[in-house]
>>> print(open('target.cif').read())   # mmCIF, C-alpha atoms
data_upload
#
loop_
_atom_site.group_PDB
_atom_site.id
_atom_site.type_symbol
_atom_site.label_atom_id
_atom_site.label_comp_id
_atom_site.auth_asym_id
_atom_site.auth_seq_id
_atom_site.Cartn_x
_atom_site.Cartn_y
_atom_site.Cartn_z
ATOM 1 C CA MET A 1 75.281 55.413 51.655
ATOM 2 C CA SER A 2 72.983 52.638 50.502
ATOM 3 C CA ASN A 3 69.387 53.038 49.373
ATOM 4 C CA HIS A 4 68.417 50.918 52.291
ATOM 5 C CA SER A 5 69.687 53.439 54.815
ATOM 6 C CA ALA A 6 68.057 56.288 52.897
ATOM 7 C CA ALA A 7 64.733 54.464 53.122
ATOM 8 C CA ALA A 8 65.353 53.816 56.792
ATOM 9 C CA ARG A 9 65.925 57.535 57.365
ATOM 10 C CA VAL A 10 62.611 58.419 55.711
ATOM 11 C CA THR A 11 60.811 55.837 57.840
ATOM 12 C CA ALA A 12 62.494 57.198 60.947
ATOM 13 C CA ALA A 13 61.349 60.742 60.170
ATOM 14 C CA GLU A 14 57.772 59.613 59.548
ATOM 15 C CA ASP A 15 57.836 57.697 62.817
ATOM 16 C CA VAL A 16 58.901 60.897 64.587
ATOM 17 C CA PHE A 17 56.094 62.931 63.030
ATOM 18 C CA ASP A 18 53.555 60.211 63.817
ATOM 19 C CA ALA A 19 54.803 59.906 67.378
ATOM 20 C CA LEU A 20 54.470 63.657 67.903
ATOM 21 C CA GLY A 21 50.948 63.727 66.485
ATOM 22 C CA GLU A 22 49.478 62.595 69.800
ATOM 23 C CA PRO A 23 48.831 64.994 72.751
ATOM 24 C CA VAL A 24 49.724 62.560 75.559
ATOM 25 C CA ARG A 25 53.015 61.739 73.866
ATOM 26 C CA ARG A 26 53.811 65.451 73.627
ATOM 27 C CA GLN A 27 53.041 65.768 77.323
ATOM 28 C CA ILE A 28 55.413 62.887 78.057
ATOM 29 C CA ILE A 29 58.138 64.635 76.052
ATOM 30 C CA ALA A 30 57.488 67.816 78.038
ATOM 31 C CA ARG A 31 57.680 65.953 81.376
ATOM 32 C CA LEU A 32 60.907 64.262 80.413
ATOM 33 C CA ARG A 33 62.546 67.634 79.951
ATOM 34 C CA SER A 34 63.100 67.795 83.690
ATOM 35 C CA GLY A 35 65.258 64.670 83.511
ATOM 36 C CA PRO A 36 65.070 60.866 83.408
ATOM 37 C CA THR A 37 61.796 59.728 84.962
ATOM 38 C CA PRO A 38 60.360 56.335 85.935
ATOM 39 C CA VAL A 39 57.135 55.188 84.235
ATOM 40 C CA GLY A 40 55.267 55.233 87.529
ATOM 41 C CA LYS A 41 56.011 58.882 88.116
ATOM 42 C CA LEU A 42 55.005 59.813 84.570
ATOM 43 C CA ALA A 43 51.721 57.967 85.042
ATOM 44 C CA GLU A 44 51.061 59.884 88.277
ATOM 45 C CA GLN A 45 51.487 63.193 86.476
ATOM 46 C CA LEU A 46 49.315 62.308 83.502
ATOM 47 C CA THR A 47 45.617 61.654 83.315
ATOM 48 C CA VAL A 48 45.996 58.352 81.510
ATOM 49 C CA GLY A 49 46.769 55.041 83.200
ATOM 50 C CA ARG A 50 50.150 53.410 83.521
ATOM 51 C CA PRO A 51 49.570 50.832 80.739
ATOM 52 C CA ALA A 52 48.724 53.674 78.350
ATOM 53 C CA VAL A 53 51.842 55.574 79.401
ATOM 54 C CA SER A 54 53.951 52.463 78.754
ATOM 55 C CA LYS A 55 52.379 52.101 75.336
ATOM 56 C CA HIS A 56 53.093 55.746 74.441
ATOM 57 C CA LEU A 57 56.653 55.374 75.697
ATOM 58 C CA ARG A 58 57.171 52.412 73.377
ATOM 59 C CA VAL A 59 55.975 54.484 70.423
ATOM 60 C CA LEU A 60 58.268 57.364 71.402
ATOM 61 C CA GLU A 61 61.150 54.967 71.867
ATOM 62 C CA GLY A 62 60.444 53.339 68.495
ATOM 63 C CA ALA A 63 60.672 56.767 66.878
ATOM 64 C CA GLY A 64 63.995 57.412 68.588
ATOM 65 C CA LEU A 65 62.612 60.291 70.675
ATOM 66 C CA VAL A 66 63.132 58.721 74.091
ATOM 67 C CA ARG A 67 65.330 55.957 75.428
ATOM 68 C CA HIS A 68 65.176 53.973 78.612
ATOM 69 C CA GLU A 69 67.808 52.845 81.018
ATOM 70 C CA SER A 70 67.624 50.466 83.938
ATOM 71 C CA ARG A 71 68.927 51.695 87.263
ATOM 72 C CA GLY A 72 68.704 48.844 89.708
ATOM 73 C CA THR A 73 65.113 47.735 89.608
ATOM 74 C CA ARG A 74 63.937 51.046 88.201
ATOM 75 C CA ASN A 75 63.263 51.698 84.554
ATOM 76 C CA LEU A 76 63.989 55.331 83.725
ATOM 77 C CA TYR A 77 62.945 57.111 80.570
ATOM 78 C CA ALA A 78 64.872 60.055 79.129
ATOM 79 C CA LEU A 79 64.753 62.308 76.086
ATOM 80 C CA ALA A 80 66.803 61.356 73.036
ATOM 81 C CA PRO A 81 66.876 64.541 70.945
ATOM 82 C CA GLU A 82 68.523 62.769 67.980
ATOM 83 C CA GLY A 83 65.036 61.732 66.899
ATOM 84 C CA MET A 84 64.132 65.380 66.407
ATOM 85 C CA VAL A 85 67.215 65.917 64.303
ATOM 86 C CA VAL A 86 66.090 63.129 61.981
ATOM 87 C CA ALA A 87 62.715 64.811 61.519
ATOM 88 C CA GLN A 88 64.255 68.201 60.881
ATOM 89 C CA GLN A 89 66.776 66.859 58.410
ATOM 90 C CA TRP A 90 64.014 65.064 56.577
ATOM 91 C CA LEU A 91 62.071 68.324 56.209
ATOM 92 C CA VAL A 92 65.138 70.237 55.055
ATOM 93 C CA ALA A 93 65.901 67.540 52.489
ATOM 94 C CA MET A 94 62.301 67.567 51.287
ATOM 95 C CA TRP A 95 62.230 71.310 50.665
ATOM 96 C CA ASP A 96 65.679 71.265 49.076
ATOM 97 C CA THR A 97 64.628 68.508 46.668
ATOM 98 C CA ALA A 98 61.354 70.273 45.906
ATOM 99 C CA LEU A 99 62.925 73.713 45.384
ATOM 100 C CA ALA A 100 65.695 72.338 43.152
ATOM 101 C CA ALA A 101 63.045 70.657 40.985
ATOM 102 C CA PHE A 102 61.051 73.902 41.019
ATOM 103 C CA ALA A 103 64.074 75.886 39.768
ATOM 104 C CA ASP A 104 64.501 73.378 36.910
ATOM 105 C CA ALA A 105 60.817 73.784 36.039
ATOM 106 C CA VAL A 106 61.253 77.574 35.946
ATOM 107 C CA ASP A 107 64.177 77.156 33.526
ATOM 108 C CA ALA A 108 62.023 74.928 31.326
ATOM 109 C CA ALA A 109 59.184 77.475 31.462
ATOM 110 C CA VAL A 110 61.561 80.280 30.481
ATOM 111 C CA GLU A 111 62.708 78.279 27.465
ATOM 112 C CA GLU A 112 59.109 77.576 26.520
ATOM 113 C CA ASP A 113 58.308 81.263 26.826
ATOM 114 C CA VAL A 114 61.273 82.098 24.605
ATOM 115 C CA ASP A 115 60.167 79.428 22.133
ATOM 116 C CA ASP A 116 56.669 80.885 22.173
ATOM 117 C CA GLN A 117 58.078 84.349 21.457
ATOM 118 C CA VAL A 118 60.236 83.033 18.613
ATOM 119 C CA ARG A 119 57.261 81.212 17.102
ATOM 120 C CA GLU A 120 55.110 84.317 17.460
ATOM 121 C CA GLN A 121 57.775 86.451 15.778
ATOM 122 C CA ALA A 122 58.069 83.908 12.985
ATOM 123 C CA ARG A 123 54.301 83.984 12.481
ATOM 124 C CA ARG A 124 54.282 87.788 12.379
ATOM 125 C CA LEU A 125 57.190 87.786 9.967
ATOM 126 C CA ALA A 126 55.452 85.252 7.765
ATOM 127 C CA ARG A 127 52.278 87.352 7.692
ATOM 128 C CA SER A 128 54.128 90.569 6.836
ATOM 129 C CA GLN A 129 56.171 88.891 4.140
ATOM 130 C CA ARG A 130 53.414 87.274 2.098
ATOM 131 C CA PRO A 131 54.684 88.638 -1.252
ATOM 132 C CA SER A 132 58.231 87.474 -0.651
ATOM 133 C CA ARG A 133 56.908 84.059 0.410
ATOM 134 C CA SER A 134 55.200 83.662 -2.971
ATOM 135 C CA SER A 135 58.423 84.767 -4.667
ATOM 136 C CA THR A 136 60.278 81.929 -2.976
ATOM 137 C CA LYS A 137 57.986 79.591 -4.884
ATOM 138 C CA ARG A 138 59.835 80.490 -8.023
ATOM 139 C CA ARG A 139 62.709 78.340 -7.033
ATOM 140 C CA GLY A 140 66.118 79.168 -8.323
ATOM 141 C CA GLY A 141 64.686 82.032 -10.389
ATOM 142 C CA THR A 142 67.279 84.543 -9.306
ATOM 143 C CA ARG A 143 70.293 82.397 -9.518
ATOM 144 C CA MET B 1 59.788 83.414 81.931
ATOM 145 C CA THR B 2 56.371 83.185 80.420
ATOM 146 C CA SER B 3 56.116 83.054 76.697
ATOM 147 C CA THR B 4 52.799 82.791 74.997
ATOM 148 C CA ILE B 5 52.803 81.724 71.448
ATOM 149 C CA SER B 6 50.103 83.230 69.350
ATOM 150 C CA HIS B 7 49.355 81.583 66.054
ATOM 151 C CA SER B 8 47.974 84.868 64.787
ATOM 152 C CA SER B 9 51.463 86.327 64.611
ATOM 153 C CA PRO B 10 53.417 84.026 62.324
ATOM 154 C CA GLY B 11 57.104 83.987 63.026
ATOM 155 C CA SER B 12 57.139 86.771 65.552
ATOM 156 C CA GLY B 13 57.601 85.733 69.127
ATOM 157 C CA ALA B 14 57.430 82.039 68.343
ATOM 158 C CA ALA B 15 60.058 80.158 70.309
ATOM 159 C CA VAL B 16 60.644 77.739 67.458
ATOM 160 C CA PRO B 17 62.205 79.411 64.457
ATOM 161 C CA PRO B 18 60.711 78.500 61.095
ATOM 162 C CA LEU B 19 62.739 76.386 58.743
ATOM 163 C CA ARG B 20 63.916 78.579 55.909
ATOM 164 C CA ARG B 21 65.189 77.636 52.447
ATOM 165 C CA GLU B 22 66.015 79.836 49.480
ATOM 166 C CA VAL B 23 66.489 79.328 45.794
ATOM 167 C CA LEU B 24 67.397 81.837 43.076
ATOM 168 C CA VAL B 25 65.595 81.219 39.818
ATOM 169 C CA ASP B 26 66.457 82.672 36.455
ATOM 170 C CA ALA B 27 63.103 84.250 35.638
ATOM 171 C CA GLY B 28 60.845 87.094 36.702
ATOM 172 C CA PRO B 29 58.658 86.800 39.821
ATOM 173 C CA ASP B 30 55.434 86.429 37.822
ATOM 174 C CA LEU B 31 56.676 83.417 35.913
ATOM 175 C CA ALA B 32 58.281 81.947 39.016
ATOM 176 C CA PHE B 33 54.955 82.274 40.845
ATOM 177 C CA ARG B 34 53.056 80.681 37.962
ATOM 178 C CA VAL B 35 55.444 77.737 37.836
ATOM 179 C CA PHE B 36 55.178 77.278 41.601
ATOM 180 C CA THR B 37 51.382 77.226 41.541
ATOM 181 C CA ASP B 38 49.975 76.352 38.078
ATOM 182 C CA ARG B 39 52.698 73.860 37.313
ATOM 183 C CA ILE B 40 53.319 72.240 40.674
ATOM 184 C CA ALA B 41 52.546 68.841 39.133
ATOM 185 C CA ALA B 42 55.521 69.294 36.800
ATOM 186 C CA TRP B 43 58.094 69.728 39.516
ATOM 187 C CA TRP B 44 56.916 68.425 42.883
ATOM 188 C CA PRO B 45 58.942 65.262 43.650
ATOM 189 C CA LEU B 46 55.878 63.013 43.988
ATOM 190 C CA GLY B 47 57.962 59.850 43.938
ATOM 191 C CA GLU B 48 59.695 60.804 47.149
ATOM 192 C CA HIS B 49 57.254 63.128 48.837
ATOM 193 C CA SER B 50 53.595 62.286 48.433
ATOM 194 C CA VAL B 51 50.851 60.252 49.975
ATOM 195 C CA HIS B 52 50.213 58.011 46.949
ATOM 196 C CA GLY B 53 53.606 57.922 45.220
ATOM 197 C CA ALA B 54 54.937 58.697 41.751
ATOM 198 C CA GLU B 55 51.718 57.851 39.855
ATOM 199 C CA ALA B 56 49.832 60.572 41.678
ATOM 200 C CA THR B 57 49.506 64.189 40.601
ATOM 201 C CA VAL B 58 49.085 67.398 42.548
ATOM 202 C CA ALA B 59 47.441 70.759 41.891
ATOM 203 C CA PHE B 60 46.321 74.019 43.461
ATOM 204 C CA VAL B 61 42.578 73.533 42.958
ATOM 205 C CA ASP B 62 40.624 76.758 42.281
ATOM 206 C CA PRO B 63 43.661 79.063 42.412
ATOM 207 C CA GLY B 64 43.428 81.971 44.830
ATOM 208 C CA VAL B 65 42.850 82.326 48.555
ATOM 209 C CA GLY B 66 41.051 79.221 49.776
ATOM 210 C CA SER B 67 42.580 77.045 47.054
ATOM 211 C CA ARG B 68 43.354 73.574 48.271
ATOM 212 C CA ILE B 69 46.509 71.719 47.391
ATOM 213 C CA VAL B 70 45.195 68.340 46.363
ATOM 214 C CA GLU B 71 47.105 65.201 45.517
ATOM 215 C CA SER B 72 45.032 62.820 43.442
ATOM 216 C CA LYS B 73 45.440 59.400 41.949
ATOM 217 C CA THR B 74 42.929 57.270 40.079
ATOM 218 C CA GLY B 75 41.333 54.757 42.388
ATOM 219 C CA ALA B 76 42.559 56.497 45.533
ATOM 220 C CA ASP B 77 41.027 59.103 47.805
ATOM 221 C CA ASP B 78 42.237 62.641 47.233
ATOM 222 C CA ALA B 79 44.795 63.775 49.775
ATOM 223 C CA VAL B 80 44.535 67.438 50.751
ATOM 224 C CA TRP B 81 47.993 68.782 51.627
ATOM 225 C CA GLY B 82 46.901 72.240 52.662
ATOM 226 C CA THR B 83 44.815 75.332 52.010
ATOM 227 C CA VAL B 84 45.991 78.653 50.603
ATOM 228 C CA THR B 85 45.672 81.564 53.015
ATOM 229 C CA LEU B 86 47.475 84.250 50.999
ATOM 230 C CA TRP B 87 47.711 84.435 47.221
ATOM 231 C CA GLU B 88 49.493 87.421 45.715
ATOM 232 C CA PRO B 89 50.715 86.517 42.216
ATOM 233 C CA GLY B 90 54.333 87.430 41.666
ATOM 234 C CA GLU B 91 54.816 88.235 45.341
ATOM 235 C CA LEU B 92 53.825 85.594 47.831
ATOM 236 C CA ILE B 93 51.771 82.579 48.621
ATOM 237 C CA ALA B 94 51.005 81.114 52.036
ATOM 238 C CA PHE B 95 49.306 77.860 52.836
ATOM 239 C CA SER B 96 48.608 75.476 55.665
ATOM 240 C CA TRP B 97 50.592 72.264 55.349
ATOM 241 C CA HIS B 98 49.511 68.822 56.514
ATOM 242 C CA PRO B 99 50.255 66.142 53.892
ATOM 243 C CA GLY B 100 49.107 62.765 55.180
ATOM 244 C CA LYS B 101 47.565 64.356 58.258
ATOM 245 C CA SER B 102 44.339 66.094 59.171
ATOM 246 C CA ALA B 103 43.921 69.851 58.825
ATOM 247 C CA ASP B 104 44.119 70.378 62.593
ATOM 248 C CA GLU B 105 47.684 69.116 62.502
ATOM 249 C CA ALA B 106 48.772 71.674 59.952
ATOM 250 C CA SER B 107 51.954 73.680 60.071
ATOM 251 C CA ARG B 108 52.427 76.780 57.893
ATOM 252 C CA VAL B 109 54.361 77.468 54.707
ATOM 253 C CA THR B 110 55.001 80.906 53.239
ATOM 254 C CA VAL B 111 56.798 81.403 49.935
ATOM 255 C CA THR B 112 57.910 84.837 48.798
ATOM 256 C CA PHE B 113 59.076 85.852 45.324
ATOM 257 C CA GLU B 114 61.471 88.765 45.238
ATOM 258 C CA GLU B 115 63.037 90.263 42.141
ATOM 259 C CA THR B 116 66.795 90.712 42.331
ATOM 260 C CA ASP B 117 68.867 91.711 39.298
ATOM 261 C CA GLY B 118 66.438 90.253 36.809
ATOM 262 C CA LYS B 119 66.202 87.019 38.721
ATOM 263 C CA THR B 120 63.836 85.955 41.463
ATOM 264 C CA LEU B 121 64.819 84.988 44.971
ATOM 265 C CA VAL B 122 62.300 82.444 46.176
ATOM 266 C CA THR B 123 62.253 82.082 49.948
ATOM 267 C CA LEU B 124 60.310 79.333 51.638
ATOM 268 C CA GLU B 125 59.527 79.430 55.329
ATOM 269 C CA HIS B 126 58.030 76.426 57.030
ATOM 270 C CA GLY B 127 56.862 77.270 60.511
ATOM 271 C CA GLY B 128 53.923 77.094 62.835
ATOM 272 C CA TRP B 129 55.454 74.258 64.821
ATOM 273 C CA GLU B 130 53.420 75.311 67.842
ATOM 274 C CA VAL B 131 50.462 73.627 66.214
ATOM 275 C CA PHE B 132 51.769 70.394 67.621
ATOM 276 C CA GLY B 133 50.733 71.657 71.021
ATOM 277 C CA GLU B 134 47.608 73.515 70.049
ATOM 278 C CA HIS B 135 45.129 70.843 71.021
ATOM 279 C CA ALA B 136 46.859 69.836 74.183
ATOM 280 C CA ALA B 137 44.998 72.446 76.207
ATOM 281 C CA GLN B 138 45.736 70.757 79.508
ATOM 282 C CA ALA B 139 49.399 70.674 78.590
ATOM 283 C CA ARG B 140 49.456 74.358 77.771
ATOM 284 C CA GLU B 141 52.191 75.100 80.235
ATOM 285 C CA GLU B 142 54.356 72.214 79.139
ATOM 286 C CA TYR B 143 53.727 73.247 75.634
ATOM 287 C CA ASP B 144 54.762 76.849 76.194
ATOM 288 C CA HIS B 145 57.777 76.017 78.263
ATOM 289 C CA GLY B 146 58.746 72.594 77.144
ATOM 290 C CA TRP B 147 57.802 71.661 73.667
ATOM 291 C CA PRO B 148 59.132 74.684 71.761
ATOM 292 C CA VAL B 149 62.343 74.417 73.719
ATOM 293 C CA VAL B 150 62.785 70.805 72.703
ATOM 294 C CA LEU B 151 62.043 71.667 69.111
ATOM 295 C CA GLY B 152 64.165 74.783 69.301
ATOM 296 C CA ARG B 153 67.068 72.748 70.517
ATOM 297 C CA TYR B 154 67.026 70.391 67.619
ATOM 298 C CA VAL B 155 66.653 73.249 65.194
ATOM 299 C CA GLU B 156 69.756 74.744 66.757
ATOM 300 C CA GLN B 157 71.533 71.424 66.511
ATOM 301 C CA VAL B 158 70.768 71.204 62.849
ATOM 302 C CA ALA B 159 71.839 74.784 62.330
ATOM 303 C CA ALA B 160 75.098 74.084 64.131
ATOM 304 C CA GLY B 161 75.767 70.802 62.370
#
>>> encode(input="target.cif", output="structure tokens")
Amino acid sequence: MSNHSAAARVTAAEDVFDALGEPVRRQIIARLRSGPTPVGKLAEQLTVGRPAVSKHLRVLEGAGLVRHESRGTRNLYALAPEGMVVAQQWLVAMWDTALAAFADAVDAAVEEDVDDQVREQARRLARSQRPSRSSTKRRGGTR
Amino acid sequence: MTSTISHSSPGSGAAVPPLRREVLVDAGPDLAFRVFTDRIAAWWPLGEHSVHGAEATVAFVDPGVGSRIVESKTGADDAVWGTVTLWEPGELIAFSWHPGKSADEASRVTVTFEETDGKTLVTLEHGGWEVFGEHAAQAREEYDHGWPVVLGRYVEQVAAG
């Protein structure tokens, strides 16, 4: 898969989250659960006017959450749950990426801790072995 | 069927199951917790998942309950990702979660650290999806009966796929 499509997937997920961040749009989603519905009927059931409903429907459609179909002269809107899948997959991928990086960071921290312990041991050893350290100054003396 | 979702009982009774991910790390729970919190800037994939991008950094400011997770970048406004609600070093941390959004659009994340055979099982639960309907008071019924079902369905789809 190309980088382009990966970027497109991220955009799609953000569009879904943005689309769902608005109460009227969530109400529209809820109404559409009973089946494909014309704009006029949605507008009757909601407290906002028809132009506003059309605008919200465009946003929802842009995010892939609803789709519309023409039946004769009627324009029906219906749920398109694939949009939700995109959002969910994006979240799963985000946490998987984050947790994998977290596990690597724990490994690095463990190594650091071990290094710290080794250094500390070396320091303690050095302190307790002062006399022998001075003896090493007499290089080659024992050979 | 009437189901009322209470946000005071995380997980239980909620129609939308939380998203759950696990990772086993090769360290004790205390260290794992410290890396998760103190060192979040070292591992969080800022390039892919942040408000300001790779040049930003992120930290748990004032560690403990009430700590805010703040993404910052020179020359840009701080972005608050969430606020810590539970902070139990070596055991669990819970925080609200709303990167790029306002606090009233927050979902919930809980991370537990559990020792198993000298390693730590880190379990992350991301839930509280009902928050999406919380402010739609007039749509309460739709929210209870409709919205979680829609969400639940896609969660099931993902689980099945």
>>> atom_distance(input="target.cif", atom1="CA of Glu22 (chain A)", atom2="CA of Ala52 (chain A)")
12.4 Å
>>> residues_around(input="target.cif", residues="region 96-102 of chain B", least_positions_apart="2", cutoff="8 Å", atoms="all atoms listed in the file", output="list in words")
Ser50, Val51, Ala79, Val80, Trp81, Gly82, Thr83, Val84, Thr85, Ala94, Asp104, Glu105, Ala106, Ser107, Arg108 and Val109 of chain B
>>> write_last_selection(input="target.cif", atoms="C-alpha atoms", output="tab-separated table (two decimals), in the coordinates of the input")
chain	number	residue	atom	x	y	z
B	50	SER	CA	53.60	62.29	48.43
B	51	VAL	CA	50.85	60.25	49.98
B	79	ALA	CA	44.80	63.78	49.78
B	80	VAL	CA	44.54	67.44	50.75
B	81	TRP	CA	47.99	68.78	51.63
B	82	GLY	CA	46.90	72.24	52.66
B	83	THR	CA	44.82	75.33	52.01
B	84	VAL	CA	45.99	78.65	50.60
B	85	THR	CA	45.67	81.56	53.02
B	94	ALA	CA	51.00	81.11	52.04
B	104	ASP	CA	44.12	70.38	62.59
B	105	GLU	CA	47.68	69.12	62.50
B	106	ALA	CA	48.77	71.67	59.95
B	107	SER	CA	51.95	73.68	60.07
B	108	ARG	CA	52.43	76.78	57.89
B	109	VAL	CA	54.36	77.47	54.71
>>> interface_residues(input="target.cif", of="chain A", to="chain B", cutoff="8 Å", atoms="all atoms listed in the file", output="count of residues only")
33
>>> atom_distance(input="target.cif", atom1="CA of Trp87 (chain B)", atom2="CA of Thr37 (chain B)")
9.9 Å
>>> residues_around(input="target.cif", residues="region 34-42 of chain A", least_positions_apart="2", cutoff="8 Å", atoms="all atoms listed in the file", output="number ranges by chain")
A: 28, 30-32, 44-46, 50, 53-54, 74-79
>>> atom_distance(input="target.cif", atom1="CA of Arg67 (chain A)", atom2="CA of Ala93 (chain A)")
25.7 Å
